[in-house]
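**Q** I'm passing along run-v4.txt; it holds compact mmCIF, C-alpha atoms.
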# COMPACT_ATOMS: atom_id res chain seq x y z
CA MET A 995 79.44 79.27 0.36
CA THR A 996 77.78 75.88 0.58
CA GLY A 997 78.74 72.73 2.39
CA SER A 998 80.31 69.94 0.39
CA PRO A 999 77.81 67.03 0.10
CA ASP A 1000 80.30 64.50 1.50
CA ARG A 1001 80.44 66.48 4.77
CA VAL A 1002 76.70 66.40 5.49
CA ASN A 1003 76.77 63.13 7.40
CA THR A 1004 80.24 63.39 8.94
CA GLU A 1005 80.65 64.12 12.63
CA THR A 1006 80.52 67.84 13.37
CA GLY A 1007 80.76 69.32 16.83
CA LEU A 1008 79.25 72.53 18.14
CA TYR A 1009 81.02 74.62 20.77
CA VAL A 1010 79.05 77.37 22.53
CA HIS A 1011 81.07 79.91 24.52
CA TRP A 1012 79.54 81.56 27.59
CA PRO A 1013 82.06 84.22 28.64
CA PHE A 1014 80.83 85.17 32.11
CA CYS A 1015 82.12 84.15 35.55
CA LEU A 1016 81.39 85.18 39.12
CA SER A 1017 85.10 85.86 39.61
CA LYS A 1018 88.33 85.52 37.61
CA CYS A 1019 90.59 82.68 38.73
CA PRO A 1020 94.25 83.72 39.06
CA TYR A 1021 95.50 80.97 36.72
CA CYS A 1022 92.91 81.50 33.99
CA ASP A 1023 93.74 83.02 30.60
CA PHE A 1024 90.45 82.02 28.96
CA ASN A 1025 88.07 84.55 27.46
CA SER A 1026 86.10 85.06 30.67
CA HIS A 1027 84.66 88.22 32.20
CA VAL A 1028 83.06 89.23 35.48
CA VAL A 1029 79.84 91.23 35.11
CA GLN A 1030 77.05 92.20 37.47
CA GLN A 1031 74.08 91.41 35.25
CA VAL A 1032 73.39 89.49 32.05
CA ASP A 1033 70.36 89.93 29.79
CA HIS A 1034 69.79 86.21 29.25
CA GLN A 1035 67.03 86.59 26.67
CA ARG A 1036 69.18 88.91 24.59
CA TRP A 1037 72.10 86.48 24.71
CA GLN A 1038 69.85 83.58 23.80
CA ARG A 1039 68.58 85.41 20.71
CA ALA A 1040 72.12 86.34 19.64
CA LEU A 1041 73.51 82.82 20.03
CA LEU A 1042 70.61 81.37 18.05
CA LYS A 1043 71.05 84.02 15.37
CA GLU A 1044 74.75 83.26 14.97
CA LEU A 1045 74.04 79.53 14.81
CA SER A 1046 71.42 80.11 12.12
CA GLU A 1047 73.73 82.30 10.07
CA VAL A 1048 76.56 79.79 10.26
CA ARG A 1049 74.19 77.10 9.04
CA GLY A 1050 73.22 79.35 6.14
CA ARG A 1051 76.88 79.74 5.18
CA ILE A 1052 78.06 76.13 5.49
CA GLY A 1053 74.95 74.17 4.58
CA PRO A 1054 73.43 71.19 6.40
CA ARG A 1055 75.56 69.28 8.87
CA ARG A 1056 74.91 66.38 11.21
CA ILE A 1057 75.77 67.63 14.69
CA THR A 1058 76.98 64.82 16.96
CA THR A 1059 78.29 66.71 19.98
CA VAL A 1060 77.50 70.00 21.70
CA PHE A 1061 79.80 71.54 24.31
CA PHE A 1062 78.85 74.54 26.46
CA GLY A 1063 82.17 76.01 27.63
CA GLY A 1064 83.41 79.23 29.11
CA GLY A 1065 83.61 81.14 31.32
CA THR A 1066 81.09 79.43 33.56
CA PRO A 1067 78.26 77.95 31.46
CA SER A 1068 76.40 76.75 34.56
CA LEU A 1069 75.57 80.44 35.06
CA MET A 1070 73.55 80.31 31.83
CA SER A 1071 69.80 80.16 31.88
CA PRO A 1072 68.66 76.56 31.33
CA ASP A 1073 66.14 78.04 28.86
CA THR A 1074 69.03 79.20 26.66
CA VAL A 1075 70.63 75.76 26.78
CA ALA A 1076 67.29 74.15 25.88
CA ALA A 1077 66.75 76.54 22.96
CA ILE A 1078 70.17 75.75 21.46
CA VAL A 1079 69.72 71.99 21.96
CA ASP A 1080 66.27 72.16 20.35
CA GLU A 1081 67.73 74.00 17.36
CA VAL A 1082 70.47 71.39 16.93
CA ARG A 1083 67.87 68.63 17.03
CA SER A 1084 65.69 70.40 14.46
CA ALA A 1085 65.57 69.66 10.74
CA ASN A 1086 67.96 72.58 10.18
CA TRP A 1087 70.84 70.60 11.68
CA ARG A 1088 69.67 67.00 11.91
CA GLY A 1089 71.35 66.40 15.25
CA ALA A 1090 72.45 62.83 15.84
CA GLU A 1091 70.10 60.62 17.84
CA GLU A 1092 72.87 59.91 20.36
CA LEU A 1093 74.01 63.48 20.92
CA GLU A 1094 76.67 64.05 23.55
CA ILE A 1095 75.77 67.39 25.17
CA THR A 1096 78.27 68.65 27.73
CA LEU A 1097 78.03 71.58 30.13
CA GLU A 1098 80.98 72.88 32.14
CA ALA A 1099 79.92 73.66 35.70
CA ASN A 1100 81.32 74.85 38.99
CA PRO A 1101 80.48 72.91 42.15
CA THR A 1102 79.09 75.79 44.20
CA SER A 1103 75.78 74.98 45.87
CA VAL A 1104 73.97 77.69 43.88
CA GLU A 1105 74.99 76.19 40.55
CA ALA A 1106 74.40 72.60 41.69
CA GLU A 1107 70.80 73.55 42.42
CA LYS A 1108 70.33 74.10 38.67
CA PHE A 1109 71.60 70.66 37.64
CA ARG A 1110 68.15 69.10 37.25
CA ALA A 1111 66.96 72.02 35.10
CA PHE A 1112 70.02 71.57 32.86
CA ARG A 1113 69.26 67.84 32.56
CA GLU A 1114 65.72 68.67 31.48
CA ALA A 1115 67.18 71.15 28.97
CA GLY A 1116 69.06 68.28 27.30
CA ILE A 1117 72.46 68.15 29.02
CA ASN A 1118 73.61 64.53 29.36
CA ARG A 1119 77.25 65.10 30.33
CA VAL A 1120 78.55 67.57 32.89
CA SER A 1121 82.20 68.55 33.43
CA ILE A 1122 82.69 69.91 36.93
CA GLY A 1123 85.58 72.26 37.67
CA VAL A 1124 86.55 70.85 41.06
CA GLN A 1125 90.26 71.76 40.60
CA SER A 1126 91.20 70.43 44.05
CA LEU A 1127 89.80 68.46 46.97
CA ASN A 1128 91.95 70.42 49.41
CA ASP A 1129 90.49 73.60 50.92
CA GLU A 1130 93.85 75.35 51.22
CA ALA A 1131 94.61 74.65 47.56
CA LEU A 1132 91.15 75.83 46.54
CA ALA A 1133 91.76 79.15 48.28
CA PHE A 1134 95.11 79.49 46.51
CA LEU A 1135 93.45 78.75 43.15
CA GLY A 1136 90.81 81.41 43.77
CA ARG A 1137 87.91 78.96 43.77
CA ARG A 1138 84.60 79.90 45.42
CA HIS A 1139 83.69 76.42 46.66
CA SER A 1140 84.99 74.16 49.41
CA ALA A 1141 86.12 70.55 49.06
CA GLN A 1142 82.96 69.45 50.87
CA GLU A 1143 80.78 71.43 48.44
CA ALA A 1144 82.60 69.79 45.55
CA VAL A 1145 81.92 66.31 46.88
CA ARG A 1146 78.24 67.14 47.40
CA ALA A 1147 77.97 68.61 43.91
CA LEU A 1148 79.53 65.50 42.39
CA GLU A 1149 77.13 63.26 44.28
CA THR A 1150 74.22 65.37 43.05
CA ALA A 1151 75.51 65.32 39.49
CA ARG A 1152 75.96 61.55 39.43
CA ASN A 1153 72.31 61.15 40.46
CA ILE A 1154 71.13 63.40 37.63
CA PHE A 1155 73.47 63.03 34.66
CA PRO A 1156 74.45 59.77 32.94
CA ASN A 1157 78.01 61.00 32.37
CA VAL A 1158 80.08 63.10 34.81
CA SER A 1159 83.66 64.38 34.45
CA ILE A 1160 85.80 66.31 36.89
CA ASP A 1161 88.74 68.70 36.39
CA LEU A 1162 91.67 68.80 38.80
CA ILE A 1163 94.85 70.91 38.81
CA TYR A 1164 98.06 69.44 40.20
CA ALA A 1165 101.75 70.38 40.31
CA ARG A 1166 100.80 73.33 42.46
CA PRO A 1167 103.41 75.15 44.60
CA ASP A 1168 105.05 72.69 47.04
CA HIS A 1169 102.79 69.90 45.79
CA SER A 1170 104.32 66.57 46.76
CA VAL A 1171 103.71 63.19 45.14
CA ALA A 1172 102.34 61.84 48.44
CA GLU A 1173 99.82 64.70 48.75
CA TRP A 1174 98.72 64.26 45.14
CA GLU A 1175 98.34 60.48 45.57
CA GLU A 1176 95.94 61.09 48.46
CA GLU A 1177 93.96 63.77 46.61
CA LEU A 1178 93.73 61.85 43.34
CA GLY A 1179 92.75 58.73 45.27
CA LEU A 1180 89.85 60.66 46.81
CA ALA A 1181 88.78 61.84 43.36
CA LEU A 1182 88.89 58.32 41.94
CA ASN A 1183 86.83 57.06 44.89
CA LEU A 1184 84.05 59.47 43.90
CA GLY A 1185 83.30 57.14 40.99
CA THR A 1186 83.29 59.48 38.00
CA ASP A 1187 84.18 57.84 34.70
CA HIS A 1188 86.20 60.75 33.29
CA LEU A 1189 88.92 62.95 34.77
CA SER A 1190 90.72 65.91 33.18
CA LEU A 1191 93.97 66.33 35.10
CA TYR A 1192 96.08 69.39 34.31
CA GLN A 1193 99.44 70.50 35.62
CA LEU A 1194 99.39 74.11 36.78
CA THR A 1195 100.96 76.37 34.17
CA ILE A 1196 101.75 80.05 34.56
CA GLU A 1197 100.02 81.80 31.66
CA PRO A 1198 100.79 85.37 30.52
CA GLU A 1199 98.40 88.14 31.56
CA THR A 1200 97.12 86.25 34.60
CA LYS A 1201 97.37 87.14 38.28
CA PHE A 1202 99.61 84.12 38.84
CA HIS A 1203 101.98 85.34 36.12
CA THR A 1204 102.38 88.67 37.90
CA GLN A 1205 103.03 86.89 41.20
CA TYR A 1206 105.41 84.40 39.59
CA GLU A 1207 107.46 87.17 37.96
CA ALA A 1208 107.66 88.91 41.33
CA GLY A 1209 108.91 85.71 42.98
CA LEU A 1210 105.82 85.41 45.17
CA ILE A 1211 104.93 81.91 43.98
CA THR A 1212 106.91 79.00 42.59
CA ILE A 1213 105.96 75.81 40.79
CA PRO A 1214 107.51 72.35 41.15
CA SER A 1215 110.75 71.55 39.34
CA GLU A 1216 110.70 69.56 36.10
CA ASP A 1217 111.76 66.43 37.98
CA VAL A 1218 108.96 66.74 40.54
CA SER A 1219 106.45 67.55 37.80
CA ALA A 1220 107.55 64.45 35.92
CA ASP A 1221 107.11 62.32 39.04
CA LEU A 1222 103.63 63.77 39.56
CA PHE A 1223 102.71 63.06 35.93
CA LEU A 1224 103.95 59.47 36.01
CA ARG A 1225 102.18 58.73 39.29
CA THR A 1226 98.99 60.17 37.79
CA GLN A 1227 99.22 57.73 34.89
CA ASP A 1228 99.82 54.75 37.17
CA LEU A 1229 97.06 55.54 39.65
CA CYS A 1230 94.41 56.23 37.01
CA ALA A 1231 95.30 53.14 34.98
CA ALA A 1232 95.18 50.95 38.09
CA ARG A 1233 91.69 52.27 38.87
CA GLY A 1234 90.30 51.67 35.38
CA ARG A 1235 90.63 55.22 34.02
CA PRO A 1236 93.74 55.08 31.83
CA ALA A 1237 94.89 58.10 29.86
CA TYR A 1238 93.52 58.36 26.35
CA GLU A 1239 94.97 61.85 25.83
CA ILE A 1240 97.86 63.66 27.50
CA SER A 1241 95.64 65.17 30.25
CA ASN A 1242 92.44 63.11 30.03
CA HIS A 1243 91.57 59.78 31.60
CA ALA A 1244 88.42 57.71 31.22
CA SER A 1245 86.75 54.38 31.67
CA THR A 1246 86.30 52.49 28.41
CA GLY A 1247 83.65 54.18 26.28
CA ARG A 1248 83.55 57.33 28.44
CA GLU A 1249 86.06 59.39 26.46
CA CYS A 1250 84.85 62.92 25.71
CA ARG A 1251 83.45 62.61 22.19
CA HIS A 1252 83.47 66.37 21.67
CA ASN A 1253 87.15 66.81 22.47
CA MET A 1254 87.95 63.80 20.28
CA ILE A 1255 86.61 65.86 17.37
CA TYR A 1256 89.39 68.39 18.00
CA TRP A 1257 92.11 65.79 18.41
CA LEU A 1258 91.03 63.84 15.33
CA GLY A 1259 90.81 66.96 13.16
CA GLN A 1260 87.08 66.76 12.45
CA ASP A 1261 84.83 69.73 11.79
CA TYR A 1262 83.47 71.84 14.62
CA ILE A 1263 81.47 75.05 14.78
CA GLY A 1264 82.19 77.70 17.41
CA ILE A 1265 79.62 80.31 18.41
CA GLY A 1266 79.76 83.02 21.05
CA PRO A 1267 82.45 85.63 21.81
CA GLY A 1268 85.97 84.44 21.08
CA ALA A 1269 84.81 81.03 19.85
CA HIS A 1270 86.84 79.31 17.14
CA GLY A 1271 85.77 76.77 14.54
CA ARG A 1272 87.07 74.56 11.73
CA VAL A 1273 84.65 73.74 8.93
CA THR A 1274 85.12 72.10 5.54
CA ILE A 1275 83.38 73.88 2.69
CA ASP A 1276 83.68 72.65 -0.89
CA ASP A 1277 86.65 70.47 0.09
CA LYS A 1278 88.52 73.39 1.65
CA LEU A 1279 89.10 73.86 5.37
CA PHE A 1280 88.10 77.20 6.85
CA ALA A 1281 88.85 78.62 10.27
CA THR A 1282 86.27 80.80 12.00
CA GLU A 1283 86.99 83.22 14.81
CA ASN A 1284 84.75 85.56 16.73
CA VAL A 1285 85.59 88.88 18.35
CA LYS A 1286 86.48 88.20 21.99
CA ALA A 1287 84.85 91.12 23.84
CA PRO A 1288 81.34 90.03 24.86
CA GLY A 1289 79.73 93.44 24.30
CA LEU A 1290 81.31 93.88 20.87
CA TRP A 1291 80.30 90.36 19.84
CA LEU A 1292 76.73 90.91 21.00
CA ASP A 1293 76.36 94.23 19.20
CA ALA A 1294 77.92 92.85 16.00
CA ILE A 1295 75.67 89.79 15.85
CA GLU A 1296 72.54 91.82 16.56
CA CYS A 1297 73.33 94.60 14.08
CA LYS A 1298 75.32 92.98 11.28
CA GLY A 1299 75.47 89.23 11.77
CA LEU A 1300 78.55 87.41 10.50
CA ASN A 1301 81.06 89.73 8.87
CA ASP A 1302 82.99 89.09 5.67
CA THR A 1303 86.16 88.11 7.53
CA TYR A 1304 84.46 85.43 9.66
CA PHE A 1305 85.84 82.61 7.47
CA HIS A 1306 89.56 82.22 6.70
CA GLU A 1307 90.89 79.40 4.54
CA VAL A 1308 93.50 77.39 6.46
CA PRO A 1309 96.75 76.81 4.52
CA VAL A 1310 97.76 73.17 4.05
CA GLU A 1311 100.95 73.69 6.05
CA GLN A 1312 98.96 74.96 9.03
CA GLN A 1313 96.52 72.07 8.70
CA ALA A 1314 99.43 69.64 8.82
CA ASP A 1315 100.91 71.35 11.90
CA GLU A 1316 97.55 71.22 13.69
CA CYS A 1317 97.12 67.59 12.68
CA LEU A 1318 100.48 66.69 14.23
CA VAL A 1319 100.03 68.75 17.41
CA MET A 1320 96.54 67.47 18.13
CA GLY A 1321 97.01 63.88 16.96
CA LEU A 1322 100.11 63.23 19.06
CA ARG A 1323 98.23 64.27 22.20
CA LEU A 1324 96.28 61.02 21.89
CA VAL A 1325 97.68 57.89 23.48
CA ASP A 1326 96.73 55.99 20.32
CA GLY A 1327 98.69 58.53 18.30
CA LEU A 1328 98.22 60.05 14.86
CA ASP A 1329 96.79 58.22 11.87
CA LEU A 1330 99.38 59.15 9.23
CA ALA A 1331 96.73 58.88 6.52
CA ARG A 1332 95.44 62.23 7.80
CA LEU A 1333 98.75 63.89 6.94
CA ARG A 1334 99.04 62.05 3.64
CA ARG A 1335 95.63 63.27 2.53
CA LEU A 1336 97.10 66.74 2.90
CA GLY A 1337 100.06 65.70 0.75
CA MET A 1338 102.39 65.89 3.77
CA GLU A 1339 104.49 63.48 5.80
CA PRO A 1340 107.11 63.66 8.56
CA THR A 1341 110.68 63.16 7.42
CA LYS A 1342 112.45 59.98 8.45
CA SER A 1343 115.49 61.97 9.49
CA SER A 1344 113.53 64.05 12.02
CA LEU A 1345 112.00 60.88 13.51
CA HIS A 1346 115.14 58.75 13.57
CA SER A 1347 116.75 60.00 16.79
CA LEU A 1348 113.37 60.19 18.54
CA GLN A 1349 112.78 56.54 17.69
CA GLN A 1350 116.29 55.57 18.76
CA GLU A 1351 115.71 57.20 22.13
CA GLY A 1352 112.38 55.42 22.59
CA LEU A 1353 110.34 58.62 22.52
CA VAL A 1354 108.14 57.86 19.49
CA PHE A 1355 106.97 54.73 17.72
CA GLN A 1356 106.06 54.64 14.04
CA SER A 1357 104.33 51.93 12.10
CA GLU A 1358 103.29 52.20 8.47
CA ASN A 1359 100.08 54.05 9.28
CA ASN A 1360 100.55 55.40 12.79
CA LEU A 1361 102.85 57.70 14.73
CA ARG A 1362 102.56 57.86 18.48
CA VAL A 1363 104.51 59.17 21.43
CA THR A 1364 105.62 56.49 23.88
CA GLY A 1365 104.97 56.57 27.60
CA LYS A 1366 108.50 57.84 28.10
CA GLY A 1367 108.03 60.45 25.38
CA ARG A 1368 104.82 61.86 26.80
CA LEU A 1369 106.90 63.67 29.42
CA LEU A 1370 108.50 65.60 26.55
CA LEU A 1371 105.53 65.94 24.23
CA ASN A 1372 105.90 69.62 23.34
CA TRP A 1373 109.64 69.26 22.72
CA ILE A 1374 109.09 66.16 20.57
CA ILE A 1375 106.51 67.94 18.40
CA GLY A 1376 109.01 70.72 17.82
CA GLN A 1377 111.59 68.21 16.57
CA ILE A 1378 109.38 66.63 13.90
CA GLU A 1379 109.68 68.13 10.44
CA ILE A 1380 106.72 67.86 8.07
CA VAL A 1381 107.25 68.32 4.33
CA PRO A 1382 105.27 67.73 1.11
CA LEU A 1383 105.36 64.11 0.02
CA GLN A 1384 107.27 64.87 -3.19
CA SER A 1385 109.99 66.60 -1.14
CA LEU A 1386 110.92 63.47 0.76
CA ASP A 1387 114.42 62.46 -0.22
CA ASP A 1388 115.34 60.33 2.73
Kindly transcribe the structure held in the file into structure tokens.

**A**
Amino acid sequence: MTGSPDRVNTETGLYVHWPFCLSKCPYCDFNSHVVQQVDHQRWQRALLKELSEVRGRIGPRRITTVFFGGGTPSLMSPDTVAAIVDEVRSANWRGAEELEITLEANPTSVEAEKFRAFREAGINRVSIGVQSLNDEALAFLGRRHSAQEAVRALETARNIFPNVSIDLIYARPDHSVAEWEEELGLALNLGTDHLSLYQLTIEPETKFHTQYEAGLITIPSEDVSADLFLRTQDLCAARGRPAYEISNHASTGRECRHNMIYWLGQDYIGIGPGAHGRVTIDDKLFATENVKAPGLWLDAIECKGLNDTYFHEVPVEQQADECLVMGLRLVDGLDLARLRRLGMEPTKSSLHSLQQEGLVFQSENNLRVTGKGRLLLNWIIGQIEIVPLQSLDD
């Protein structure tokens, strides 16, 4: 398996998964685990080994973004972060001069104390999981920090990192538009250039799901959720951080370059337990997927390295579906040339009623969801039929 020469200089992202947390949040369905101790040197060696083996399989790539996600990556040793960044910048990978290197962090005082060490390790963008600026809401969400700690951590981060993003969760139980306006206004006043704003969803196999099924918690109605979403768009746009993706808002030029790789269907490598990737090899797209259990992943990498089933070729139909789902999340929409290169296109009949209702707009080379349609994004995607170009008869 060798990388196709035309992919060597294209943008490729690297995602590094750190699976450990101090506690499991009740809404979280990510691959995260609570453990008492971590052998950081052992994990560093394993992550570097997997990265090296992936490089051996796919050939040289120009890495342009690195994202340390989790879990809670701010619990990592800064030495591990530095080792991975150094490897990406080495001749093996030819990391871009202007690398965007993001670390997800929690705003507890203990983790904030490590911010300067992470900056020295190469991190130039930090994404802080604030989740709320209301202490009662933070307790409900199972967070270990207070609103005051979050504000202090953000102030510290802005003095250390050139690029700071915050995460917030809204549409919580009994969350009113007035309460959210006040909270979001406080967040915007903190001066960060990027905000990831997510409505609370009840995911299977989480503590919240168990409580929801038992009738112990409720979430806002669809009408209230829609009002919260629309007010979010208006407030952020008025303060110079308009939406560029369904849940992400940024000042001009501060969009998350790593996440744009996902939404634009570019190649990315995933290392660490449960990490996924999409890499083009000899003009074919392959998916990669790691075993999720941290201990099993660690043992497998140390003893065997990458197994024979690590790479799976992605069928064209699945590529087209992913292209549509990810591309329509962007406010600028989907470049239809991406679908056409796959030999696929949406049918006019499946778009007609959506256009008539003002939910989507199509030009010759672009398909995007309108502001009105963004409230119904998932439903709209389900209505669009994609077929091979030669099958189009309408």

**Q** Residues near range 1374-1376 of chain A, anyone? I mean within 8 Å using only C-alpha atoms, not counting same-chain ones fewer than 6 positions away, as a list in words.

**A**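 In the requested form, the answer reads Leu1318, Val1319, Leu1322, Leu1348, Leu1353 and Gly1367 of chain A.
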
**Q** I need the residues from that last selection saved to file as a PDB file, keeping the file's coordinate frame (with C-alpha atoms), if you can.

**A**
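Output file result_15.pdb is given in full below:
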ATOM      1  CA  LEU A1318     100.480  66.690  14.230  1.00  0.00           C
ATOM      2  CA  VAL A1319     100.030  68.750  17.410  1.00  0.00           C
ATOM      3  CA  LEU A1322     100.110  63.230  19.060  1.00  0.00           C
ATOM      4  CA  LEU A1348     113.370  60.190  18.540  1.00  0.00           C
ATOM      5  CA  LEU A1353     110.340  58.620  22.520  1.00  0.00           C
ATOM      6  CA  GLY A1367     108.030  60.450  25.380  1.00  0.00           C
TER       7      GLY A1367
END

**Q** For each of A:Thr1102, A:Ser1245, A:Ser1084, A:Asn1157, take the minimum atom-to-atom distance to Ile1117 in chain A, counting all atoms listed in the file, then give the residue where this is smallest.

**A** A:Asn1157

**Q** How many Å lie between CA of Glu1094 in chain A and CA of Lys1278 in chain A, rounded to one decimal?

**A**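 These atoms are spaced 26.6 Å apart.
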
**Q** Using all atoms listed in the file, which residue out of A:Ala1147, A:Leu1135, A:Ala1220, A:Ala1115 lies closest to Gly1365 in chain A?

**A**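 Closest to Gly1365 in chain A, using all atoms listed in the file: A:Ala1220.
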
**Q** Could you pull the residues within 12 Å of Val1082 in chain A, counting only C-alpha atoms, minus those fewer than 4 positions along the same chain, as JSON, numbers by chain?

**A** {"A": [1006, 1007, 1008, 1009, 1010, 1042, 1045, 1046, 1049, 1054, 1055, 1056, 1057, 1058, 1059, 1060, 1061, 1075, 1076, 1077, 1078, 1086, 1087, 1088, 1089, 1090, 1091, 1093, 1094, 1095, 1116, 1263]}

**Q** Restricted to C-alpha atoms, what would the selected residues look like written as a PDB file, in the coordinates of the input?

**A**
ATOM      1  CA  THR A1006      80.520  67.840  13.370  1.00  0.00           C
ATOM      2  CA  GLY A1007      80.760  69.320  16.830  1.00  0.00           C
ATOM      3  CA  LEU A1008      79.250  72.530  18.140  1.00  0.00           C
ATOM      4  CA  TYR A1009      81.020  74.620  20.770  1.00  0.00           C
ATOM      5  CA  VAL A1010      79.050  77.370  22.530  1.00  0.00           C
ATOM      6  CA  LEU A1042      70.610  81.370  18.050  1.00  0.00           C
ATOM      7  CA  LEU A1045      74.040  79.530  14.810  1.00  0.00           C
ATOM      8  CA  SER A1046      71.420  80.110  12.120  1.00  0.00           C
ATOM      9  CA  ARG A1049      74.190  77.100   9.040  1.00  0.00           C
ATOM     10  CA  PRO A1054      73.430  71.190   6.400  1.00  0.00           C
ATOM     11  CA  ARG A1055      75.560  69.280   8.870  1.00  0.00           C
ATOM     12  CA  ARG A1056      74.910  66.380  11.210  1.00  0.00           C
ATOM     13  CA  ILE A1057      75.770  67.630  14.690  1.00  0.00           C
ATOM     14  CA  THR A1058      76.980  64.820  16.960  1.00  0.00           C
ATOM     15  CA  THR A1059      78.290  66.710  19.980  1.00  0.00           C
ATOM     16  CA  VAL A1060      77.500  70.000  21.700  1.00  0.00           C
ATOM     17  CA  PHE A1061      79.800  71.540  24.310  1.00  0.00           C
ATOM     18  CA  VAL A1075      70.630  75.760  26.780  1.00  0.00           C
ATOM     19  CA  ALA A1076      67.290  74.150  25.880  1.00  0.00           C
ATOM     20  CA  ALA A1077      66.750  76.540  22.960  1.00  0.00           C
ATOM     21  CA  ILE A1078      70.170  75.750  21.460  1.00  0.00           C
ATOM     22  CA  ASN A1086      67.960  72.580  10.180  1.00  0.00           C
ATOM     23  CA  TRP A1087      70.840  70.600  11.680  1.00  0.00           C
ATOM     24  CA  ARG A1088      69.670  67.000  11.910  1.00  0.00           C
ATOM     25  CA  GLY A1089      71.350  66.400  15.250  1.00  0.00           C
ATOM     26  CA  ALA A1090      72.450  62.830  15.840  1.00  0.00           C
ATOM     27  CA  GLU A1091      70.100  60.620  17.840  1.00  0.00           C
ATOM     28  CA  LEU A1093      74.010  63.480  20.920  1.00  0.00           C
ATOM     29  CA  GLU A1094      76.670  64.050  23.550  1.00  0.00           C
ATOM     30  CA  ILE A1095      75.770  67.390  25.170  1.00  0.00           C
ATOM     31  CA  GLY A1116      69.060  68.280  27.300  1.00  0.00           C
ATOM     32  CA  ILE A1263      81.470  75.050  14.780  1.00  0.00           C
TER      33      ILE A1263
END

**Q** With only C-alpha atoms as the counted atoms, please give the residues lying no more than 8 Å from His1139 in chain A, apart from itself and same-chain residues fewer than 5 positions off, as a list in words.

**A**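 So the residues in contact are Pro1101, Thr1102, Leu1132 and Ala1144 of chain A.
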
**Q** Set the distance at 9 Å and use all atoms listed in the file: which residues neighbour range 1185-1195 of chain A once local chain neighbours fewer than 2 positions away are removed? I'd like the list as number ranges by chain.

**A** A: 1021, 1121, 1125, 1148, 1152, 1157-1167, 1181-1183, 1197, 1213, 1219, 1222-1223, 1226, 1230, 1234-1235, 1240-1246, 1248-1250

**Q** Choose the residue, out of A:Asn1360, A:Thr1096, A:Thr1200, A:Asn1301, that has the smallest atom-to-atom separation from Asn1253 in chain A; count all atoms listed in the file.

**A**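 With all atoms listed in the file as the atom set, the closest residue is A:Thr1096.
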
**Q** Calculated over only C-alpha atoms, which of the candidates A:Phe1024, A:Trp1257, A:Trp1291, A:Phe1355 has the smallest distance to Thr1066 in chain A?

**A**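 Nearest to Thr1066 in chain A: A:Phe1024.
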
**Q** What does the distance from CA of Asp1033 in chain A to CA of Met1070 in chain A come to in Å, to one decimal?

**A**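 CA of Met1070 in chain A lies at a distance of 10.3 Å from CA of Asp1033 in chain A.
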
**Q** Measuring between all atoms listed in the file, which one of A:Arg1083, A:Pro1072, A:Gly1179, A:Gln1142 shows the shortest distance to Ala1111 in chain A?

**A**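 Counting all atoms listed in the file, the residue closest to Ala1111 in chain A is A:Pro1072.
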
**Q** So for range 1189-1205 of chain A, what box centre and size do we get, axis-aligned, 5 Å extra on each of the six sides, every listed atom, Å to one decimal, as lines of an AutoDock Vina configuration file?

**A**
center_x = 96.0
center_y = 75.8
center_z = 35.9
size_x = 24.1
size_y = 35.7
size_z = 20.7

**Q** May I have the residues within 8 Å of Gly1064 in chain A as a list in words, using only C-alpha atoms and disregarding those fewer than 3 positions away in the same chain?

**A** His1011, Trp1012, Pro1013, Phe1014, Phe1024, Asn1025, Ser1026, Pro1067 and Glu1098 of chain A

**Q** What is the CA of His1346 in chain A-CA of Gln1384 in chain A distance in Å, reported with one decimal?

**A** 19.5 Å

**Q** With distances taken over only C-alpha atoms, which of A:Val1120, A:Ala1151, A:Leu1371, A:Leu1333 is nearest to Asn1359 in chain A?

**A** A:Leu1333
